[in-house]
Amino acid sequence: MKNVQTFFTEKAILVGVHLHDQENFQYSMEELANLAVAGDMKVVGSITQKMNQINPSHFVGSGKMEEIKGLLQLHQASLVIFNDELSPTQIRNLESDLACKVIDRTMLILDIFAKRAKTREAQLQVEVARLQYMLPRLINTGESLGRQSGGVGTKNRGAGETSLELNRRKIESKIVKLNKELELLVARRHTQRKRRKKNEIPVVSLVGYTNAGKSTIMNGMVEMYGQHPSKQVFEKDMLFATLETSVRHIHLPDKKSFLMTDTVGFVSKLPHHLVKAFRSTLEEVADADLLIHVVDYANAEHNQQISVTNEILKELNMNHVPVVYAYNKTDLTDRPIPSVDENSVYLSAKQQIGLDELSQIIREHLFADYIQCDMLIPFDSGSQLSYLNEHGHVLSTSYEPEGTKISIECSKAVYERCKEFLIS
């Protein structure tokens with residue numbers, strides 16, 4: 001599915017501080033530029049500074065402040081984006097001295113999520129994360145101070161509230177209200193997951209860095225197994241194209257099937273509030289029988305992206321689920337495709353090369369405990385024969401005087417339910 005052309009809304013200057021112990025700094029700045037583009041902003045300049053520690057008042061030194069002012073004027077930019085989280089004091093000082101809007105990486109990611117969220121659950125999750133981020137960053141102004149009561153010792157001391165206190169209470173109240181609504185949606189999702197488990201359908205979850213190609217793999221699998229085009233999920237070559245969790249039922253030719261879920265992608269320095277808010281969505285991953293860790297193999301920093309994804313999975317207590325690595329976009333490298341190396345598949349989802357191999361590895365993991373056996377179903381147990389035909393792969397059928405004899409491959413659960421008909 002294609003999206004409409006992007007129109008840039010603001011010109012932005014990027015600012016990054018390279019601390020002595022910070023790894024992958026240059027890649028982090030490139031990623032910040034990509035995030036800005038994903039937020040419909042045009043990057044017109046970038047400034048970096050090496051420091052042993054940040055400036056507590058302005059994050060950067062006074063010399064860099066002058067450089068930023070010069071770039072703002074040169075490009076007529078109206079926005080400065082810092083690569084690290086800023087304190088309320090730093091934001092206030094920077095906006096005052098630069099006379100423009102200043103945001104940090106966290107605010108940028110929250111803004112992208114807010115623009116992209118389509119379902120009510122995603123919108124609630126983003127809004128809760130945004131409010132939780134805002135709460136400690138409320139800044140008192142001269143106007144709000146004017147609402148305070150009189151000086152020390154006056155009779156009405158404490159009777160008046162500052163606008164800061166009022167705003168804080170309003171935000172806290174809104175967070176509680178949104179969380180209650182979110183809990184209802186989370187409970188509904190939990191009920192859906194319980195129903196899937198009851199139906200004994202295995203679940204495969206696509207995880208990985210944003211823009212690695214998870215949605216493209218999902219659509220490739222949907223198309224490969226003959227589902228209607230309406231079942232395809234949104235995909236685009238951009239960061240955080242997918243925020244909602246999509247679930248598709250993949251029906252294999254031999255009566256086997258599984259559910260495939262496409263989840264929100266990860267990124268370095270993913271805001272803690274956002275991870276916390278999306279925890280309920282990411283529980284889809286925790287309940288999976290298998291994870292497909294999708295990697296953009298053509299990206300020079302793909303090993304760093306793997307580390308970031310693994311760290312987030314660990315933080316979410318999801319590092320216990322078996323993992324298969326799908327090295328996507330390998331067609332953009334010198335490595336031949338398709339190729340398989342134990343639990344790793346090198347493929348190109350866009351070219352639909354290697355999806356058969358990925359499907360085979362999924363089969364080996366999900367259906368390893370399948371049992372092949374012979375059963376004899378009496379003629380008066382037609383409902384059991386229908387059940388076996390629906391939930392197992394019948395290899396052959398013959399008719400005996402006592403009933404219908406079938407050779408079948410089925411899951412352990414189906415086998416246990418019908419083992420009374422087993423032919424020893």
# chains A, B, ... in the order shown; residues from 1 in each chain; ligands from 1
>>> residues_around(residues="range 36-53 of chain A", least_positions_apart="5", cutoff="6 Å", atoms="only C-alpha atoms", output="VMD selection string")
chain A and resid 8 to 20 112
>>> write_last_selection(atoms="all heavy atoms", output="tab-separated table (two decimals), in the first residue's frame")
chain	number	residue	atom	x	y	z
A	8	PHE	N	6.70	18.89	4.01
A	8	PHE	CA	7.42	19.31	5.20
A	8	PHE	C	6.73	20.53	5.82
A	8	PHE	O	6.34	21.47	5.12
A	8	PHE	CB	8.87	19.64	4.86
A	8	PHE	CG	9.64	18.45	4.34
A	8	PHE	CD1	10.14	18.44	3.04
A	8	PHE	CD2	9.84	17.35	5.15
A	8	PHE	CE1	10.84	17.34	2.57
A	8	PHE	CE2	10.54	16.26	4.69
A	8	PHE	CZ	11.04	16.25	3.40
A	9	THR	N	6.59	20.49	7.14
A	9	THR	CA	5.89	21.57	7.84
A	9	THR	C	6.83	22.57	8.49
A	9	THR	O	6.48	23.72	8.67
A	9	THR	CB	4.98	20.97	8.92
A	9	THR	OG1	5.77	20.15	9.81
A	9	THR	CG2	3.89	20.10	8.30
A	10	GLU	N	8.04	22.14	8.87
A	10	GLU	CA	8.98	23.04	9.55
A	10	GLU	C	10.41	22.76	9.10
A	10	GLU	O	10.76	21.62	8.80
A	10	GLU	CB	8.90	22.86	11.07
A	10	GLU	CG	7.64	23.39	11.71
A	10	GLU	CD	7.67	23.23	13.22
A	10	GLU	OE1	7.32	22.14	13.70
A	10	GLU	OE2	8.04	24.19	13.91
A	11	LYS	N	11.24	23.80	9.12
A	11	LYS	CA	12.67	23.63	8.91
A	11	LYS	C	13.33	23.45	10.27
A	11	LYS	O	13.06	24.22	11.20
A	11	LYS	CB	13.25	24.86	8.20
A	11	LYS	CG	12.81	25.04	6.76
A	11	LYS	CD	13.46	26.27	6.17
A	11	LYS	CE	13.03	26.49	4.72
A	11	LYS	NZ	13.65	27.71	4.15
A	12	ALA	N	14.21	22.44	10.36
A	12	ALA	CA	14.79	22.09	11.66
A	12	ALA	C	16.31	22.05	11.62
A	12	ALA	O	16.91	21.66	10.61
A	12	ALA	CB	14.24	20.75	12.12
A	13	ILE	N	16.92	22.44	12.73
A	13	ILE	CA	18.35	22.29	12.97
A	13	ILE	C	18.53	21.17	14.00
A	13	ILE	O	17.86	21.17	15.04
A	13	ILE	CB	18.97	23.59	13.53
A	13	ILE	CG1	18.66	24.79	12.63
A	13	ILE	CG2	20.47	23.42	13.75
A	13	ILE	CD1	19.27	24.72	11.26
A	14	LEU	N	19.42	20.24	13.72
A	14	LEU	CA	19.69	19.15	14.65
A	14	LEU	C	20.91	19.47	15.50
A	14	LEU	O	21.89	20.04	15.01
A	14	LEU	CB	19.94	17.84	13.90
A	14	LEU	CG	18.90	17.39	12.88
A	14	LEU	CD1	19.29	16.04	12.30
A	14	LEU	CD2	17.51	17.34	13.49
A	15	VAL	N	20.85	19.10	16.78
A	15	VAL	CA	21.97	19.34	17.70
A	15	VAL	C	22.26	18.06	18.48
A	15	VAL	O	21.34	17.45	19.04
A	15	VAL	CB	21.67	20.48	18.68
A	15	VAL	CG1	22.86	20.69	19.63
A	15	VAL	CG2	21.34	21.77	17.94
A	16	GLY	N	23.53	17.65	18.49
A	16	GLY	CA	23.93	16.46	19.24
A	16	GLY	C	25.19	16.71	20.03
A	16	GLY	O	26.10	17.41	19.57
A	17	VAL	N	25.25	16.14	21.23
A	17	VAL	CA	26.45	16.23	22.07
A	17	VAL	C	27.07	14.86	22.16
A	17	VAL	O	26.43	13.89	22.57
A	17	VAL	CB	26.11	16.76	23.48
A	17	VAL	CG1	27.32	16.63	24.41
A	17	VAL	CG2	25.67	18.22	23.40
A	18	HIS	N	28.33	14.78	21.73
A	18	HIS	CA	29.07	13.52	21.73
A	18	HIS	C	29.85	13.41	23.03
A	18	HIS	O	30.92	13.99	23.17
A	18	HIS	CB	30.00	13.46	20.52
A	18	HIS	CG	30.64	12.12	20.34
A	18	HIS	ND1	31.55	11.86	19.33
A	18	HIS	CD2	30.52	10.96	21.04
A	18	HIS	CE1	31.95	10.60	19.43
A	18	HIS	NE2	31.35	10.05	20.46
A	19	LEU	N	29.28	12.70	23.99
A	19	LEU	CA	29.98	12.48	25.26
A	19	LEU	C	31.04	11.41	25.07
A	19	LEU	O	30.92	10.54	24.19
A	19	LEU	CB	28.98	12.06	26.34
A	19	LEU	CG	27.94	13.13	26.71
A	19	LEU	CD1	26.90	12.55	27.66
A	19	LEU	CD2	28.59	14.35	27.31
A	20	HIS	N	32.06	11.43	25.88
A	20	HIS	CA	33.24	10.57	25.68
A	20	HIS	C	32.92	9.08	25.68
A	20	HIS	O	33.61	8.29	25.05
A	20	HIS	CB	34.30	10.87	26.76
A	20	HIS	CG	33.79	10.69	28.16
A	20	HIS	ND1	33.84	9.50	28.82
A	20	HIS	CD2	33.21	11.57	29.01
A	20	HIS	CE1	33.33	9.63	30.03
A	20	HIS	NE2	32.93	10.87	30.17
A	112	ILE	N	5.67	11.90	16.48
A	112	ILE	CA	5.48	10.98	15.35
A	112	ILE	C	4.41	9.95	15.68
A	112	ILE	O	3.50	9.68	14.89
A	112	ILE	CB	6.81	10.28	14.98
A	112	ILE	CG1	7.82	11.29	14.44
A	112	ILE	CG2	6.57	9.17	13.95
A	112	ILE	CD1	9.23	10.74	14.33
>>> closest_residue(among="A:Leu270, A:Arg130, A:Leu282, A:Gln352", to="His190 in chain A", atoms="only C-alpha atoms")
A:Leu282
>>> residues_around(residues="range 367-377 of chain A", least_positions_apart="5", cutoff="8 Å", atoms="only C-alpha atoms", output="number ranges by chain")
A: 382, 384-385, 402-412, 415, 419, 421-423
>>> write_last_selection(atoms="all heavy atoms", output="short mmCIF file (atom, residue, chain, number, x, y, z; two decimals), in the first residue's frame")
data_model
loop_
_atom_site.label_atom_id
_atom_site.label_comp_id
_atom_site.auth_asym_id
_atom_site.auth_seq_id
_atom_site.Cartn_x
_atom_site.Cartn_y
_atom_site.Cartn_z
N GLY A 382 -19.41 -39.61 12.79
CA GLY A 382 -19.12 -38.69 11.68
C GLY A 382 -18.59 -37.34 12.12
O GLY A 382 -17.77 -36.73 11.44
N GLN A 384 -16.62 -36.71 14.60
CA GLN A 384 -15.20 -36.83 14.91
C GLN A 384 -14.36 -36.84 13.62
O GLN A 384 -13.28 -36.25 13.56
CB GLN A 384 -14.93 -38.11 15.72
CG GLN A 384 -15.57 -38.12 17.10
CD GLN A 384 -14.94 -37.10 18.04
OE1 GLN A 384 -13.90 -36.52 17.73
NE2 GLN A 384 -15.59 -36.86 19.16
N LEU A 385 -14.90 -37.50 12.59
CA LEU A 385 -14.20 -37.54 11.30
C LEU A 385 -14.14 -36.13 10.70
O LEU A 385 -13.10 -35.71 10.17
CB LEU A 385 -14.92 -38.49 10.35
CG LEU A 385 -14.27 -38.67 8.97
CD1 LEU A 385 -12.86 -39.25 9.11
CD2 LEU A 385 -15.13 -39.57 8.08
N GLU A 402 -15.63 -51.70 9.54
CA GLU A 402 -15.90 -51.09 10.86
C GLU A 402 -16.01 -49.56 10.81
O GLU A 402 -16.42 -48.94 11.78
CB GLU A 402 -14.81 -51.46 11.87
CG GLU A 402 -14.64 -52.95 12.10
CD GLU A 402 -13.73 -53.61 11.06
OE1 GLU A 402 -13.24 -52.87 10.15
OE2 GLU A 402 -13.52 -54.83 11.14
N GLY A 403 -15.55 -48.95 9.71
CA GLY A 403 -15.59 -47.49 9.65
C GLY A 403 -14.59 -46.94 8.64
O GLY A 403 -14.09 -47.66 7.77
N THR A 404 -14.28 -45.65 8.79
CA THR A 404 -13.37 -44.97 7.87
C THR A 404 -11.96 -44.98 8.46
O THR A 404 -11.72 -44.50 9.57
CB THR A 404 -13.81 -43.51 7.66
OG1 THR A 404 -15.17 -43.49 7.22
CG2 THR A 404 -12.93 -42.83 6.62
N LYS A 405 -11.02 -45.51 7.67
CA LYS A 405 -9.62 -45.55 8.11
C LYS A 405 -8.88 -44.37 7.46
O LYS A 405 -8.95 -44.16 6.25
CB LYS A 405 -8.97 -46.87 7.69
CG LYS A 405 -7.51 -46.98 8.10
CD LYS A 405 -6.89 -48.29 7.60
CE LYS A 405 -5.41 -48.37 7.93
NZ LYS A 405 -4.79 -49.60 7.39
N ILE A 406 -8.20 -43.60 8.31
CA ILE A 406 -7.44 -42.47 7.78
C ILE A 406 -6.00 -42.51 8.30
O ILE A 406 -5.73 -42.98 9.40
CB ILE A 406 -8.08 -41.10 8.17
CG1 ILE A 406 -8.15 -40.94 9.69
CG2 ILE A 406 -9.44 -40.93 7.53
CD1 ILE A 406 -8.58 -39.55 10.13
N SER A 407 -5.11 -42.03 7.44
CA SER A 407 -3.74 -41.76 7.87
C SER A 407 -3.65 -40.24 8.00
O SER A 407 -3.97 -39.52 7.05
CB SER A 407 -2.74 -42.27 6.83
OG SER A 407 -1.43 -41.99 7.22
N ILE A 408 -3.25 -39.74 9.18
CA ILE A 408 -3.36 -38.31 9.46
C ILE A 408 -2.11 -37.76 10.14
O ILE A 408 -1.43 -38.49 10.88
CB ILE A 408 -4.61 -38.04 10.35
CG1 ILE A 408 -4.85 -36.54 10.50
CG2 ILE A 408 -4.49 -38.72 11.70
CD1 ILE A 408 -6.17 -36.19 11.18
N GLU A 409 -1.82 -36.51 9.86
CA GLU A 409 -0.79 -35.77 10.58
C GLU A 409 -1.50 -34.65 11.33
O GLU A 409 -2.26 -33.88 10.74
CB GLU A 409 0.23 -35.17 9.60
CG GLU A 409 1.37 -34.44 10.30
CD GLU A 409 2.28 -33.71 9.32
OE1 GLU A 409 1.79 -33.29 8.25
OE2 GLU A 409 3.47 -33.53 9.65
N CYS A 410 -1.29 -34.58 12.65
CA CYS A 410 -2.04 -33.61 13.45
C CYS A 410 -1.23 -33.16 14.66
O CYS A 410 -0.21 -33.77 15.01
CB CYS A 410 -3.37 -34.20 13.89
SG CYS A 410 -3.21 -35.67 14.93
N SER A 411 -1.72 -32.12 15.31
CA SER A 411 -1.06 -31.62 16.52
C SER A 411 -1.29 -32.59 17.67
O SER A 411 -2.19 -33.44 17.63
CB SER A 411 -1.61 -30.24 16.89
OG SER A 411 -2.96 -30.36 17.30
N LYS A 412 -0.48 -32.42 18.72
CA LYS A 412 -0.60 -33.29 19.89
C LYS A 412 -1.97 -33.13 20.54
O LYS A 412 -2.56 -34.09 21.03
CB LYS A 412 0.49 -32.94 20.90
CG LYS A 412 0.64 -33.94 22.03
CD LYS A 412 1.81 -33.60 22.95
CE LYS A 412 3.13 -33.86 22.27
NZ LYS A 412 4.28 -33.64 23.21
N TYR A 415 -4.46 -35.05 18.51
CA TYR A 415 -4.17 -36.47 18.75
C TYR A 415 -4.76 -36.93 20.08
O TYR A 415 -5.41 -37.98 20.16
CB TYR A 415 -2.65 -36.68 18.73
CG TYR A 415 -2.20 -38.07 19.16
CD1 TYR A 415 -2.18 -39.12 18.25
CD2 TYR A 415 -1.80 -38.31 20.47
CE1 TYR A 415 -1.77 -40.38 18.63
CE2 TYR A 415 -1.40 -39.58 20.87
CZ TYR A 415 -1.38 -40.61 19.94
OH TYR A 415 -0.98 -41.86 20.34
N LYS A 419 -7.45 -39.95 20.30
CA LYS A 419 -6.58 -41.11 20.35
C LYS A 419 -7.32 -42.42 20.59
O LYS A 419 -6.77 -43.51 20.39
CB LYS A 419 -5.48 -40.93 21.39
CG LYS A 419 -5.93 -40.83 22.82
CD LYS A 419 -4.73 -40.61 23.73
CE LYS A 419 -5.14 -40.50 25.19
NZ LYS A 419 -3.96 -40.25 26.06
N PHE A 421 -9.45 -43.59 18.75
CA PHE A 421 -9.63 -44.22 17.43
C PHE A 421 -8.32 -44.71 16.83
O PHE A 421 -8.29 -45.17 15.69
CB PHE A 421 -10.29 -43.22 16.47
CG PHE A 421 -11.58 -42.63 16.98
CD1 PHE A 421 -11.67 -41.27 17.25
CD2 PHE A 421 -12.67 -43.44 17.20
CE1 PHE A 421 -12.86 -40.72 17.72
CE2 PHE A 421 -13.87 -42.92 17.68
CZ PHE A 421 -13.97 -41.56 17.95
N LEU A 422 -7.26 -44.61 17.61
CA LEU A 422 -5.93 -44.98 17.11
C LEU A 422 -5.86 -46.47 16.79
O LEU A 422 -6.35 -47.32 17.53
CB LEU A 422 -4.89 -44.63 18.20
CG LEU A 422 -3.44 -44.66 17.80
CD1 LEU A 422 -3.14 -43.57 16.78
CD2 LEU A 422 -2.56 -44.46 19.05
N ILE A 423 -5.21 -46.75 15.66
CA ILE A 423 -4.95 -48.15 15.29
C ILE A 423 -3.53 -48.48 15.73
O ILE A 423 -2.57 -47.84 15.28
CB ILE A 423 -5.08 -48.36 13.77
CG1 ILE A 423 -6.49 -47.99 13.30
CG2 ILE A 423 -4.75 -49.80 13.39
CD1 ILE A 423 -6.66 -48.03 11.79
#
>>> closest_atom_pairs(of="range 284-399 of chain A", to="range 206-223 of chain A", cutoff="9 Å", atoms="only C-alpha atoms", output="Markdown table")
| residue | atom | partner | partner_atom | distance |
| --- | --- | --- | --- | --- |
| A:Val285 | CA | A:Val207 | CA | 7.9 |
| A:Leu290 | CA | A:Leu206 | CA | 8.8 |
| A:Leu291 | CA | A:Leu206 | CA | 6.0 |
| A:Ile292 | CA | A:Leu206 | CA | 4.8 |
| A:His293 | CA | A:Val207 | CA | 5.0 |
| A:Val294 | CA | A:Gly208 | CA | 5.1 |
| A:Val295 | CA | A:Ala212 | CA | 5.4 |
| A:Asp296 | CA | A:Ala212 | CA | 4.6 |
| A:Tyr297 | CA | A:Ala212 | CA | 8.4 |
| A:His302 | CA | A:Tyr209 | CA | 9.0 |
| A:Gln305 | CA | A:Tyr209 | CA | 6.1 |
| A:Ile306 | CA | A:Gly208 | CA | 7.4 |
| A:Val308 | CA | A:Tyr209 | CA | 7.9 |
| A:Thr309 | CA | A:Gly208 | CA | 5.8 |
| A:Asn310 | CA | A:Gly208 | CA | 8.6 |
| A:Tyr327 | CA | A:Ala212 | CA | 8.9 |
| A:Asn328 | CA | A:Gly213 | CA | 6.8 |
| A:Lys329 | CA | A:Gly213 | CA | 8.0 |
| A:Ser348 | CA | A:Ile217 | CA | 8.7 |
| A:Ala349 | CA | A:Ile217 | CA | 5.3 |
| A:Lys350 | CA | A:Thr216 | CA | 6.5 |
| A:Gln352 | CA | A:Gly220 | CA | 6.4 |
| A:Leu355 | CA | A:Met221 | CA | 7.1 |
| A:Asp356 | CA | A:Met221 | CA | 8.8 |
| A:Ser359 | CA | A:Met221 | CA | 8.1 |
>>> atom_distance(atom1="CA of Lys69 in chain A", atom2="CA of Leu32 in chain A")
19.9 Å
>>> closest_residue(among="A:Leu74, A:Val275, A:Val204, A:Val321", to="Arg363 in chain A", atoms="only C-alpha atoms")
A:Val204
>>> select_by_dssp(residues="range 334-416 of chain A", states="alpha helix (DSSP H)", output="list in words")
Leu355, Asp356, Glu357, Leu358, Ser359, Gln360, Ile361, Ile362, Arg363, Glu364, His365, Leu366, Gly382, Ser383, Gln384, Leu385, Ser386, Tyr387, Leu388, Asn389, Glu390, His391, Lys412, Ala413, Val414, Tyr415 and Glu416 of chain A
